[in-house]
>>> print(open('model_25.csv').read())   # CSV, C-alpha atoms
chain,number,residue,atom,x,y,z
A,1,MET,CA,55.1,-127.0,20.0
A,2,ARG,CA,51.6,-125.7,20.4
A,3,THR,CA,48.6,-127.5,18.9
A,4,ALA,CA,44.8,-127.2,18.9
A,5,GLY,CA,43.0,-129.5,21.3
A,6,LEU,CA,39.7,-131.3,21.5
A,7,THR,CA,37.8,-132.4,24.5
A,8,MET,CA,37.7,-136.0,25.5
A,9,ASN,CA,33.9,-136.2,25.1
A,10,ASP,CA,34.3,-135.4,21.4
A,11,VAL,CA,33.0,-138.1,19.1
A,12,TRP,CA,36.5,-138.5,17.4
A,13,ALA,CA,38.0,-139.5,20.7
A,14,HIS,CA,35.8,-142.5,21.0
A,15,ARG,CA,36.5,-143.5,17.4
A,16,VAL,CA,40.3,-143.2,18.0
A,17,LEU,CA,40.0,-145.5,21.0
A,18,ARG,CA,38.1,-148.1,19.0
A,19,GLU,CA,40.5,-148.0,16.0
A,20,ARG,CA,43.1,-150.7,15.8
A,21,GLY,CA,46.6,-150.1,14.4
A,22,VAL,CA,46.5,-146.4,15.4
A,23,GLU,CA,49.4,-145.1,17.4
A,24,THR,CA,48.0,-143.3,20.5
A,25,TYR,CA,49.5,-142.2,23.8
A,26,ARG,CA,47.2,-142.0,26.8
A,27,LEU,CA,48.3,-139.9,29.9
A,28,GLU,CA,46.3,-139.7,33.2
A,29,GLY,CA,46.6,-137.3,36.1
A,30,VAL,CA,48.9,-134.9,34.2
A,31,THR,CA,49.8,-131.8,36.3
A,32,ALA,CA,48.9,-128.8,34.1
A,33,GLU,CA,48.2,-125.1,34.2
A,34,LEU,CA,44.9,-123.9,32.7
A,35,GLY,CA,44.4,-120.7,30.8
A,36,VAL,CA,40.9,-119.4,31.7
A,37,MET,CA,39.2,-116.3,30.3
A,38,VAL,CA,37.4,-115.0,33.4
A,39,GLU,CA,33.9,-113.8,32.6
A,40,SER,CA,32.5,-113.1,36.0
A,41,LEU,CA,33.6,-112.9,39.7
A,42,ASP,CA,31.1,-112.8,42.5
A,43,LEU,CA,31.6,-112.5,46.3
A,44,LYS,CA,29.7,-115.3,48.1
A,45,HIS,CA,29.4,-116.5,51.7
A,46,ARG,CA,29.3,-119.9,53.3
A,47,SER,CA,26.6,-121.3,55.5
A,48,LYS,CA,25.8,-120.3,59.0
A,49,GLU,CA,27.8,-123.3,60.3
A,50,GLU,CA,30.9,-121.8,58.7
A,51,ASN,CA,30.2,-118.3,60.1
A,52,TYR,CA,29.3,-117.0,56.7
A,53,ARG,CA,32.9,-117.1,55.6
A,54,PRO,CA,33.4,-115.1,52.3
A,55,TYR,CA,34.8,-116.6,49.1
A,56,LEU,CA,34.9,-115.8,45.4
A,57,HIS,CA,33.0,-117.7,42.7
A,58,MET,CA,34.8,-117.4,39.3
A,59,THR,CA,33.3,-118.5,36.0
A,60,GLY,CA,35.1,-118.5,32.6
A,61,GLU,CA,36.1,-120.4,29.5
A,62,LEU,CA,39.0,-122.7,29.0
A,63,ARG,CA,41.5,-121.3,26.5
A,64,SER,CA,44.7,-123.4,27.0
A,65,VAL,CA,46.2,-126.4,28.8
A,66,THR,CA,49.9,-126.2,29.6
A,67,PRO,CA,51.3,-129.5,31.0
A,68,ALA,CA,54.2,-129.4,33.5
A,69,THR,CA,56.3,-131.6,31.2
A,70,ALA,CA,56.1,-131.8,27.4
A,71,LEU,CA,53.8,-134.3,25.8
A,72,PRO,CA,54.9,-136.8,23.1
A,73,PHE,CA,56.0,-135.2,19.9
A,74,GLY,CA,57.2,-132.2,21.8
A,75,ILE,CA,53.8,-130.7,22.5
A,76,SER,CA,54.1,-128.0,25.1
A,77,GLN,CA,50.6,-126.4,25.1
A,78,VAL,CA,47.1,-127.3,23.9
A,79,THR,CA,45.0,-124.3,22.8
A,80,TYR,CA,41.2,-123.8,22.2
A,81,SER,CA,39.6,-121.2,20.1
A,82,PRO,CA,37.0,-118.8,21.7
A,83,GLY,CA,33.7,-120.5,22.1
A,84,GLN,CA,35.3,-124.0,21.7
A,85,GLY,CA,36.7,-124.5,25.3
A,86,GLU,CA,34.8,-125.9,28.2
A,87,LYS,CA,33.1,-123.8,30.9
A,88,VAL,CA,35.2,-123.5,34.1
A,89,ASP,CA,33.9,-122.8,37.6
A,90,ALA,CA,36.4,-122.1,40.3
A,91,PHE,CA,36.1,-121.1,44.0
A,92,TYR,CA,38.7,-118.9,45.6
A,93,GLU,CA,39.1,-119.3,49.4
A,94,PHE,CA,40.5,-116.4,51.5
A,95,ASP,CA,42.9,-117.3,54.3
A,96,ASP,CA,42.6,-115.6,57.8
A,97,GLN,CA,45.2,-112.9,56.9
A,98,GLN,CA,43.4,-112.0,53.8
A,99,LEU,CA,40.1,-111.6,55.7
A,100,VAL,CA,41.9,-109.2,58.1
A,101,VAL,CA,42.9,-107.2,55.0
A,102,LEU,CA,39.4,-107.2,53.6
A,103,ALA,CA,38.0,-106.0,56.9
A,104,GLY,CA,40.5,-103.2,57.0
A,105,LYS,CA,39.4,-102.1,53.5
A,106,GLY,CA,35.8,-101.7,54.5
A,107,TYR,CA,34.4,-105.2,54.0
A,108,PHE,CA,31.5,-104.4,56.5
A,109,THR,CA,30.5,-101.2,54.6
A,110,SER,CA,27.7,-100.9,52.1
A,111,GLY,CA,30.1,-99.8,49.3
A,112,PHE,CA,32.3,-102.9,49.4
A,113,ALA,CA,32.4,-104.6,46.0
A,114,VAL,CA,34.4,-107.0,43.8
A,115,PRO,CA,37.1,-105.2,41.7
A,116,GLU,CA,36.3,-104.9,38.0
A,117,GLN,CA,39.9,-105.2,36.8
A,118,VAL,CA,40.1,-108.9,37.6
A,119,THR,CA,37.5,-109.9,35.0
A,120,GLY,CA,37.8,-110.0,31.2
A,121,ILE,CA,41.4,-111.2,31.5
A,122,GLU,CA,43.0,-114.7,31.3
A,123,TRP,CA,43.9,-116.4,34.6
A,124,GLU,CA,46.3,-119.3,35.0
A,125,LEU,CA,44.9,-121.9,37.4
A,126,PRO,CA,46.4,-125.2,38.5
A,127,ALA,CA,44.7,-128.5,37.7
A,128,THR,CA,45.2,-132.1,36.7
A,129,ALA,CA,44.1,-133.6,33.4
A,130,ASP,CA,43.8,-136.8,31.4
A,131,MET,CA,45.2,-136.6,27.8
A,132,LEU,CA,45.0,-138.7,24.7
A,133,VAL,CA,47.6,-138.0,22.0
A,134,LEU,CA,47.0,-139.3,18.5
A,135,ALA,CA,50.2,-139.7,16.6
A,136,PRO,CA,50.5,-138.3,13.1
A,137,SER,CA,50.5,-140.6,10.1
A,138,GLY,CA,53.7,-141.6,8.4
A,139,ALA,CA,53.2,-139.2,5.6
A,140,GLN,CA,55.4,-136.2,5.8
A,141,THR,CA,52.9,-133.3,5.1
A,142,GLU,CA,52.3,-129.9,6.6
A,143,ASP,CA,48.9,-130.9,7.9
A,144,ASP,CA,50.2,-134.1,9.5
A,145,THR,CA,50.3,-133.0,13.1
A,146,PRO,CA,49.4,-134.9,16.4
A,147,VAL,CA,45.9,-134.5,17.8
A,148,VAL,CA,45.4,-134.1,21.5
A,149,PHE,CA,42.2,-134.8,23.5
A,150,THR,CA,41.9,-133.5,27.1
A,151,GLN,CA,39.7,-134.0,30.1
A,152,ILE,CA,40.2,-131.6,33.1
A,153,HIS,CA,39.5,-133.1,36.5
A,154,GLY,CA,36.8,-131.2,38.5
A,155,ILE,CA,36.5,-128.5,35.9
A,156,GLY,CA,33.1,-127.5,37.3
A,157,GLY,CA,34.4,-126.9,40.8
A,158,LEU,CA,38.1,-126.1,41.1
A,159,GLU,CA,39.2,-125.2,44.6
A,160,ILE,CA,41.9,-122.5,44.6
A,161,ASP,CA,43.5,-120.2,47.1
A,162,LEU,CA,46.6,-117.9,47.5
A,163,GLU,CA,49.0,-120.8,47.9
A,164,SER,CA,47.8,-122.9,44.9
A,165,SER,CA,47.1,-120.2,42.4
A,166,GLY,CA,49.6,-117.5,43.5
A,167,TYR,CA,47.0,-114.8,43.2
A,168,ASP,CA,46.5,-112.5,46.2
A,169,LEU,CA,43.0,-111.3,45.3
A,170,ALA,CA,42.6,-109.4,48.6
A,171,GLY,CA,45.1,-106.9,47.3
A,172,TYR,CA,42.9,-106.0,44.3
A,173,PHE,CA,40.0,-104.8,46.4
A,174,ALA,CA,39.7,-101.0,46.8
A,175,ASP,CA,40.0,-99.4,50.2
A,176,ARG,CA,36.5,-98.1,50.8
A,177,THR,CA,37.5,-96.5,54.1
A,178,LYS,CA,39.4,-93.8,52.1
A,179,ASN,CA,36.6,-92.9,49.7
A,180,GLY,CA,34.3,-90.8,51.8
A,181,VAL,CA,33.3,-93.7,54.1
A,182,PRO,CA,34.7,-93.1,57.6
A,183,ARG,CA,36.6,-95.9,59.3
A,184,THR,CA,34.3,-95.8,62.2
A,185,GLU,CA,31.7,-97.4,60.1
A,186,ALA,CA,32.9,-100.8,61.2
A,187,VAL,CA,29.4,-101.6,62.5
A,188,VAL,CA,27.8,-104.0,60.1
A,189,ASP,CA,25.4,-102.3,57.6
A,190,ALA,CA,22.5,-104.7,57.7
A,191,ARG,CA,21.3,-103.9,54.2
A,192,GLY,CA,24.7,-104.4,52.6
A,193,LEU,CA,25.4,-107.6,54.6
A,194,LYS,CA,22.2,-109.1,53.6
A,195,ALA,CA,22.8,-108.3,49.9
A,196,ARG,CA,26.2,-110.0,50.1
A,197,SER,CA,24.6,-113.0,51.9
A,198,ASP,CA,22.2,-113.6,48.9
A,199,ALA,CA,19.3,-112.5,51.1
A,200,ILE,CA,16.3,-110.6,49.6
A,201,ASN,CA,16.2,-106.8,50.2
A,202,SER,CA,12.8,-105.2,50.7
A,203,LEU,CA,11.7,-102.9,47.9
A,204,PHE,CA,10.3,-100.4,50.4
A,205,THR,CA,12.2,-98.5,53.1
A,206,GLU,CA,11.0,-98.3,56.7
A,207,ALA,CA,9.8,-94.7,56.2
A,208,GLU,CA,7.6,-95.9,53.2
A,209,LEU,CA,6.1,-98.6,55.3
A,210,GLY,CA,5.4,-96.2,58.1
A,211,LEU,CA,7.5,-98.1,60.6
A,212,ASP,CA,8.8,-96.3,63.7
A,213,THR,CA,12.6,-96.4,63.7
A,214,ASP,CA,13.0,-94.9,67.1
A,215,VAL,CA,14.2,-97.7,69.3
A,216,GLU,CA,13.5,-95.9,72.5
A,217,GLN,CA,9.8,-95.5,71.6
A,218,ILE,CA,9.6,-99.2,70.8
A,219,VAL,CA,11.3,-100.2,74.0
A,220,GLY,CA,9.3,-97.8,76.2
A,221,ALA,CA,5.9,-98.7,74.8
A,222,PRO,CA,3.7,-100.3,77.5
A,223,VAL,CA,3.0,-103.9,77.0
A,224,PRO,CA,-0.6,-104.9,77.6
A,225,GLU,CA,-1.1,-107.4,80.4
A,226,ALA,CA,-2.6,-110.6,79.4
A,227,ALA,CA,-5.6,-111.9,81.4
A,228,PRO,CA,-4.5,-114.5,83.9
A,229,VAL,CA,-5.2,-118.0,82.9
A,230,VAL,CA,-6.4,-118.8,86.5
A,231,ASP,CA,-9.4,-116.6,86.2
A,232,GLY,CA,-10.5,-118.2,83.0
A,233,MET,CA,-10.1,-121.7,84.5
A,234,SER,CA,-12.1,-120.7,87.6
A,235,ALA,CA,-15.0,-119.3,85.6
A,236,ARG,CA,-15.1,-122.5,83.5
A,237,LEU,CA,-15.1,-124.7,86.7
A,238,ARG,CA,-17.9,-122.6,88.2
A,239,GLN,CA,-19.9,-123.1,85.0
A,240,ILE,CA,-19.3,-126.9,85.1
A,241,GLU,CA,-20.4,-127.1,88.8
A,242,ALA,CA,-23.6,-125.2,88.0
A,243,GLU,CA,-24.4,-127.6,85.2
A,244,ILE,CA,-23.8,-130.6,87.4
A,245,ALA,CA,-26.0,-129.2,90.1
A,246,ALA,CA,-28.8,-128.5,87.7
A,247,GLU,CA,-28.6,-132.0,86.3
A,248,ARG,CA,-28.6,-133.5,89.8
A,249,GLU,CA,-31.7,-131.4,90.8
A,250,GLN,CA,-33.5,-132.5,87.6
A,251,TYR,CA,-32.7,-136.1,88.3
A,252,GLN,CA,-33.9,-135.9,91.9
A,253,THR,CA,-37.2,-134.2,90.7
A,254,GLU,CA,-37.7,-137.0,88.1
A,255,ARG,CA,-37.1,-139.7,90.8
A,256,ALA,CA,-39.5,-138.0,93.2
A,257,SER,CA,-42.3,-137.9,90.5
A,258,THR,CA,-41.7,-141.6,89.4
A,259,GLU,CA,-44.0,-143.9,91.3
A,260,GLY,CA,-42.3,-146.7,93.2
A,261,THR,CA,-38.9,-145.1,93.7
A,262,THR,CA,-37.5,-144.3,97.2
A,263,GLU,CA,-37.7,-140.6,96.6
A,264,ASN,CA,-41.4,-140.9,95.6
A,265,LEU,CA,-42.3,-142.9,98.6
A,266,TYR,CA,-40.5,-140.5,100.9
A,267,ARG,CA,-42.3,-137.5,99.4
A,268,GLU,CA,-45.8,-139.1,99.5
A,269,ARG,CA,-45.5,-141.0,102.8
A,270,VAL,CA,-43.2,-138.9,105.0
A,271,ALA,CA,-42.6,-135.4,103.6
A,272,ALA,CA,-46.2,-134.6,102.6
A,273,PRO,CA,-47.7,-135.4,106.1
A,274,LEU,CA,-45.0,-133.4,107.8
A,275,HIS,CA,-45.6,-130.4,105.6
A,276,ARG,CA,-49.4,-130.6,106.3
A,277,ALA,CA,-48.8,-130.9,110.1
A,278,GLU,CA,-46.6,-127.8,110.0
A,279,GLU,CA,-49.1,-125.9,108.0
A,280,GLN,CA,-51.9,-126.8,110.6
A,281,LYS,CA,-49.7,-125.7,113.5
A,282,ALA,CA,-49.0,-122.3,112.0
A,283,PRO,CA,-51.4,-119.7,113.6
A,284,SER,CA,-53.5,-117.5,111.4
A,285,ALA,CA,-52.7,-114.1,112.9
A,286,PRO,CA,-52.9,-110.7,111.3
A,287,PRO,CA,-49.7,-109.2,110.0
A,288,VAL,CA,-47.3,-108.0,112.7
A,289,PRO,CA,-47.2,-104.4,111.6
A,290,ALA,CA,-51.0,-104.2,111.7
A,291,ARG,CA,-51.2,-105.6,115.3
A,292,GLU,CA,-48.5,-103.2,116.4
A,293,ALA,CA,-50.3,-100.2,114.8
A,294,GLN,CA,-53.5,-101.2,116.7
A,295,ARG,CA,-51.7,-101.5,120.0
A,296,ASP,CA,-50.2,-98.1,119.5
A,297,LEU,CA,-53.7,-96.6,119.0
A,298,ASN,CA,-55.5,-98.4,121.8
A,299,PRO,CA,-53.5,-100.3,124.5
A,300,ASP,CA,-56.7,-102.0,125.9
A,301,LEU,CA,-57.6,-103.2,122.4
A,302,GLY,CA,-54.1,-104.7,122.1
A,303,LEU,CA,-54.5,-106.8,125.3
A,304,GLU,CA,-57.8,-108.0,124.1
A,305,LEU,CA,-56.4,-109.1,120.7
A,306,GLU,CA,-53.5,-111.0,122.4
A,307,GLU,CA,-56.0,-112.8,124.6
A,308,ARG,CA,-58.1,-113.8,121.6
A,309,GLU,CA,-55.0,-115.1,119.8
A,310,ARG,CA,-54.0,-117.3,122.7
A,311,GLU,CA,-57.5,-118.7,122.9
A,312,ALA,CA,-57.5,-119.5,119.2
A,313,ARG,CA,-54.2,-121.3,119.4
A,314,ARG,CA,-55.5,-123.5,122.3
A,315,ARG,CA,-58.6,-124.5,120.3
A,316,GLU,CA,-56.5,-125.3,117.2
A,317,ALA,CA,-54.0,-127.4,119.1
A,318,GLY,CA,-56.6,-129.5,120.8
A,319,PRO,CA,-56.0,-131.6,123.8
A,320,VAL,CA,-52.4,-132.7,124.6
A,321,PRO,CA,-51.9,-136.3,123.5
A,322,SER,CA,-51.1,-138.8,126.1
A,323,LEU,CA,-47.9,-140.9,126.3
A,324,HIS,CA,-49.7,-144.0,124.9
A,325,GLU,CA,-51.0,-141.9,122.0
A,326,ARG,CA,-47.5,-140.7,121.1
A,327,LYS,CA,-46.1,-144.3,121.0
A,328,ARG,CA,-49.0,-145.4,118.7
A,329,GLN,CA,-48.2,-142.5,116.3
A,330,VAL,CA,-44.5,-143.4,116.2
A,331,ALA,CA,-45.2,-147.1,115.5
A,332,GLN,CA,-47.6,-146.2,112.7
A,333,ARG,CA,-45.0,-144.0,111.0
A,334,ALA,CA,-42.3,-146.7,111.3
A,335,ALA,CA,-44.7,-149.2,109.7
A,336,ASP,CA,-45.3,-146.8,106.8
A,337,LEU,CA,-41.6,-146.5,106.2
A,338,ASP,CA,-41.1,-150.3,106.2
A,339,PHE,CA,-43.9,-150.7,103.7
A,340,GLY,CA,-42.3,-148.1,101.4
A,341,GLU,CA,-38.9,-150.0,101.3
A,342,ASP,CA,-40.6,-153.4,100.7
A,343,GLY,CA,-42.7,-151.9,97.8
A,344,GLU,CA,-39.6,-150.5,96.2
A,345,GLN,CA,-37.7,-153.8,96.4
A,346,SER,CA,-40.6,-155.7,94.9
A,347,LEU,CA,-40.8,-153.2,92.1
A,348,GLY,CA,-37.1,-153.5,91.5
A,349,SER,CA,-37.1,-157.3,91.4
>>> encode(input="model_25.csv", output="structure tokens")
Amino acid sequence: MRTAGLTMNDVWAHRVLRERGVETYRLEGVTAELGVMVESLDLKHRSKEENYRPYLHMTGELRSVTPATALPFGISQVTYSPGQGEKVDAFYEFDDQQLVVLAGKGYFTSGFAVPEQVTGIEWELPATADMLVLAPSGAQTEDDTPVVFTQIHGIGGLEIDLESSGYDLAGYFADRTKNGVPRTEAVVDARGLKARSDAINSLFTEAELGLDTDVEQIVGAPVPEAAPVVDGMSARLRQIEAEIAAEREQYQTERASTEGTTENLYRERVAAPLHRAEEQKAPSAPPVPAREAQRDLNPDLGLELEEREREARRREAGPVPSLHERKRQVAQRAADLDFGEDGEQSLGS
């Protein structure tokens, strides 16, 4: 017997379960065969970890449930009117042999597509279900029939394949290698593969974007050499050294101009007298080119000029100091140095 069914989430199912004195039969895990009106069938691909393995995603509407064994009161099938059944999602997995068949039919070509003749028809899919049968009342009338409530296990994600469903869907795909597409086009069409992998295709072609498609030109293009990092580091180091030297020179100049520091005492007591002594010893003679020009014009005048220069140097140098005088000068300079160090220590304390 065939009877119309209701889903387990219907409000009447909860009322039947709460009623007392009502004869009901509850069956769980019943092996059944679903009648599904297929509305769409899409070719999808798994993730990268599964090597983008293809599969089919089927969506449809539940139209009937046929249990493997008859239900109480001789019920052999539960039917649903169009628009009254639950939505069904099923996933069809290809085995390795089916994948070989798909590849031979041009799976890696751009024209490969899901066949249209497998949609708009009713499929029979295996499943398990829980059922609640409400017994008819004792009155013998025409409308007194049992009511069946059903709940399909995993109706939103049924896993099916060739073995469980009996459908060899690989055989329904058209052979694209015989419809103008040469079999040598086994090389993957990047645009078609991306479309089947749910990737986004560009709205513009490479020609519209002005891209160069010549691989040889891209490979042969000269690559500009990047400036070595070592040169940049060397320039930066030289800059830092120059800054440190300038800071050191400025510090020494400030120390030499600060009264009481070692540098100031050295400049005033030691360096200044030495510079003055060197300046006094330097002879004041005419420029060398001028003397040489005079000697070229008049050799006698050149000898006279040399004699005058030697006489002037002797007068400027004065008498040669004696050994006692040299010792006195050295002792005086050492005393000046000792006084400078003592003064700096007293200022520092």
>>> residues_around(input="model_25.csv", residues="A:Leu43", least_positions_apart="5", cutoff="12 Å", atoms="all atoms listed in the file", output="list in words")
Tyr52, Arg53, Pro54, Tyr55, Leu56, His57, Met58, Phe91, Tyr92, Glu93, Phe94, Leu102, Tyr107, Phe112, Ala113, Val114, Pro115, Leu169, Ala170, Phe173, Leu193, Ala195, Arg196, Ser197 and Asp198 of chain A
>>> write_last_selection(input="model_25.csv", atoms="C-alpha atoms", output="PDB file, in the frame of the given file")
ATOM      1  CA  TYR A  52      29.300-117.000  56.700  1.00  0.00           C
ATOM      2  CA  ARG A  53      32.900-117.100  55.600  1.00  0.00           C
ATOM      3  CA  PRO A  54      33.400-115.100  52.300  1.00  0.00           C
ATOM      4  CA  TYR A  55      34.800-116.600  49.100  1.00  0.00           C
ATOM      5  CA  LEU A  56      34.900-115.800  45.400  1.00  0.00           C
ATOM      6  CA  HIS A  57      33.000-117.700  42.700  1.00  0.00           C
ATOM      7  CA  MET A  58      34.800-117.400  39.300  1.00  0.00           C
ATOM      8  CA  PHE A  91      36.100-121.100  44.000  1.00  0.00           C
ATOM      9  CA  TYR A  92      38.700-118.900  45.600  1.00  0.00           C
ATOM     10  CA  GLU A  93      39.100-119.300  49.400  1.00  0.00           C
ATOM     11  CA  PHE A  94      40.500-116.400  51.500  1.00  0.00           C
ATOM     12  CA  LEU A 102      39.400-107.200  53.600  1.00  0.00           C
ATOM     13  CA  TYR A 107      34.400-105.200  54.000  1.00  0.00           C
ATOM     14  CA  PHE A 112      32.300-102.900  49.400  1.00  0.00           C
ATOM     15  CA  ALA A 113      32.400-104.600  46.000  1.00  0.00           C
ATOM     16  CA  VAL A 114      34.400-107.000  43.800  1.00  0.00           C
ATOM     17  CA  PRO A 115      37.100-105.200  41.700  1.00  0.00           C
ATOM     18  CA  LEU A 169      43.000-111.300  45.300  1.00  0.00           C
ATOM     19  CA  ALA A 170      42.600-109.400  48.600  1.00  0.00           C
ATOM     20  CA  PHE A 173      40.000-104.800  46.400  1.00  0.00           C
ATOM     21  CA  LEU A 193      25.400-107.600  54.600  1.00  0.00           C
ATOM     22  CA  ALA A 195      22.800-108.300  49.900  1.00  0.00           C
ATOM     23  CA  ARG A 196      26.200-110.000  50.100  1.00  0.00           C
ATOM     24  CA  SER A 197      24.600-113.000  51.900  1.00  0.00           C
ATOM     25  CA  ASP A 198      22.200-113.600  48.900  1.00  0.00           C
TER      26      ASP A 198
END
>>> atom_distance(input="model_25.csv", atom1="atom CA of A:Asp89", atom2="atom CA of A:Thr69")
24.9 Å
>>> residues_around(input="model_25.csv", residues="stretch 122-132 of chain A", least_positions_apart="4", cutoff="8 Å", atoms="all atoms listed in the file", output="list in words")
Met8, Thr24, Tyr25, Arg26, Leu27, Glu28, Gly29, Val30, Thr31, Ala32, Glu33, Leu34, Gly35, Val36, Met37, Val38, Val148, Phe149, Thr150, Gln151, Ile152, His153, Leu158, Ile160, Ser164 and Ser165 of chain A
>>> atom_distance(input="model_25.csv", atom1="atom CA of A:Glu241", atom2="atom CA of A:Tyr266")
27.0 Å
>>> decode(input="model_25.csv", residues="stretch 57-73 of chain A", atoms="N, CA, C and O atoms", output="mmCIF file, in the first residue's frame")
data_model
loop_
_atom_site.group_PDB
_atom_site.id
_atom_site.type_symbol
_atom_site.label_atom_id
_atom_site.label_comp_id
_atom_site.auth_asym_id
_atom_site.auth_seq_id
_atom_site.Cartn_x
_atom_site.Cartn_y
_atom_site.Cartn_z
ATOM 1 N N HIS A 57 27.987 17.329 -7.256
ATOM 2 C CA HIS A 57 27.080 17.801 -6.202
ATOM 3 C C HIS A 57 25.672 17.851 -6.783
ATOM 4 O O HIS A 57 25.405 18.614 -7.718
ATOM 5 N N MET A 58 24.784 17.048 -6.220
ATOM 6 C CA MET A 58 23.422 16.931 -6.706
ATOM 7 C C MET A 58 22.469 17.558 -5.689
ATOM 8 O O MET A 58 22.585 17.324 -4.483
ATOM 9 N N THR A 59 21.499 18.334 -6.164
ATOM 10 C CA THR A 59 20.452 18.897 -5.318
ATOM 11 C C THR A 59 19.097 18.515 -5.910
ATOM 12 O O THR A 59 18.931 18.448 -7.133
ATOM 13 N N GLY A 60 18.134 18.286 -5.044
ATOM 14 C CA GLY A 60 16.812 17.892 -5.520
ATOM 15 C C GLY A 60 15.789 17.918 -4.410
ATOM 16 O O GLY A 60 16.035 18.435 -3.314
ATOM 17 N N GLU A 61 14.618 17.318 -4.687
ATOM 18 C CA GLU A 61 13.504 17.307 -3.745
ATOM 19 C C GLU A 61 13.046 15.872 -3.515
ATOM 20 O O GLU A 61 12.949 15.088 -4.463
ATOM 21 N N LEU A 62 12.782 15.549 -2.267
ATOM 22 C CA LEU A 62 12.329 14.207 -1.903
ATOM 23 C C LEU A 62 10.901 13.990 -2.389
ATOM 24 O O LEU A 62 10.000 14.790 -2.107
ATOM 25 N N ARG A 63 10.702 12.890 -3.128
ATOM 26 C CA ARG A 63 9.372 12.575 -3.657
ATOM 27 C C ARG A 63 8.803 11.276 -3.079
ATOM 28 O O ARG A 63 7.573 11.113 -3.012
ATOM 29 N N SER A 64 9.680 10.355 -2.622
ATOM 30 C CA SER A 64 9.162 9.099 -2.076
ATOM 31 C C SER A 64 10.212 8.436 -1.210
ATOM 32 O O SER A 64 11.416 8.686 -1.366
ATOM 33 N N VAL A 65 9.730 7.587 -0.300
ATOM 34 C CA VAL A 65 10.578 6.757 0.555
ATOM 35 C C VAL A 65 10.034 5.333 0.473
ATOM 36 O O VAL A 65 8.872 5.072 0.846
ATOM 37 N N THR A 66 10.891 4.428 0.009
ATOM 38 C CA THR A 66 10.482 3.025 -0.140
ATOM 39 C C THR A 66 11.314 2.170 0.809
ATOM 40 O O THR A 66 12.518 1.974 0.587
ATOM 41 N N PRO A 67 10.741 1.676 1.916
ATOM 42 C CA PRO A 67 11.514 0.845 2.851
ATOM 43 C C PRO A 67 11.838 -0.515 2.247
ATOM 44 O O PRO A 67 11.140 -1.010 1.354
ATOM 45 N N ALA A 68 12.934 -1.097 2.731
ATOM 46 C CA ALA A 68 13.343 -2.408 2.213
ATOM 47 C C ALA A 68 12.323 -3.477 2.570
ATOM 48 O O ALA A 68 12.105 -4.426 1.803
ATOM 49 N N THR A 69 11.686 -3.349 3.721
ATOM 50 C CA THR A 69 10.618 -4.271 4.124
ATOM 51 C C THR A 69 9.352 -3.463 4.395
ATOM 52 O O THR A 69 9.430 -2.277 4.778
ATOM 53 N N ALA A 70 8.219 -4.068 4.229
ATOM 54 C CA ALA A 70 6.953 -3.359 4.392
ATOM 55 C C ALA A 70 6.760 -2.896 5.826
ATOM 56 O O ALA A 70 7.167 -3.560 6.790
ATOM 57 N N LEU A 71 6.139 -1.746 5.973
ATOM 58 C CA LEU A 71 5.850 -1.183 7.286
ATOM 59 C C LEU A 71 4.552 -1.799 7.835
ATOM 60 O O LEU A 71 3.840 -2.533 7.122
ATOM 61 N N PRO A 72 4.234 -1.533 9.087
ATOM 62 C CA PRO A 72 2.951 -2.021 9.622
ATOM 63 C C PRO A 72 1.769 -1.570 8.762
ATOM 64 O O PRO A 72 1.822 -0.525 8.109
ATOM 65 N N PHE A 73 0.758 -2.396 8.734
ATOM 66 C CA PHE A 73 -0.456 -2.180 7.948
ATOM 67 C C PHE A 73 -0.190 -2.287 6.458
ATOM 68 O O PHE A 73 -0.925 -1.734 5.638
#
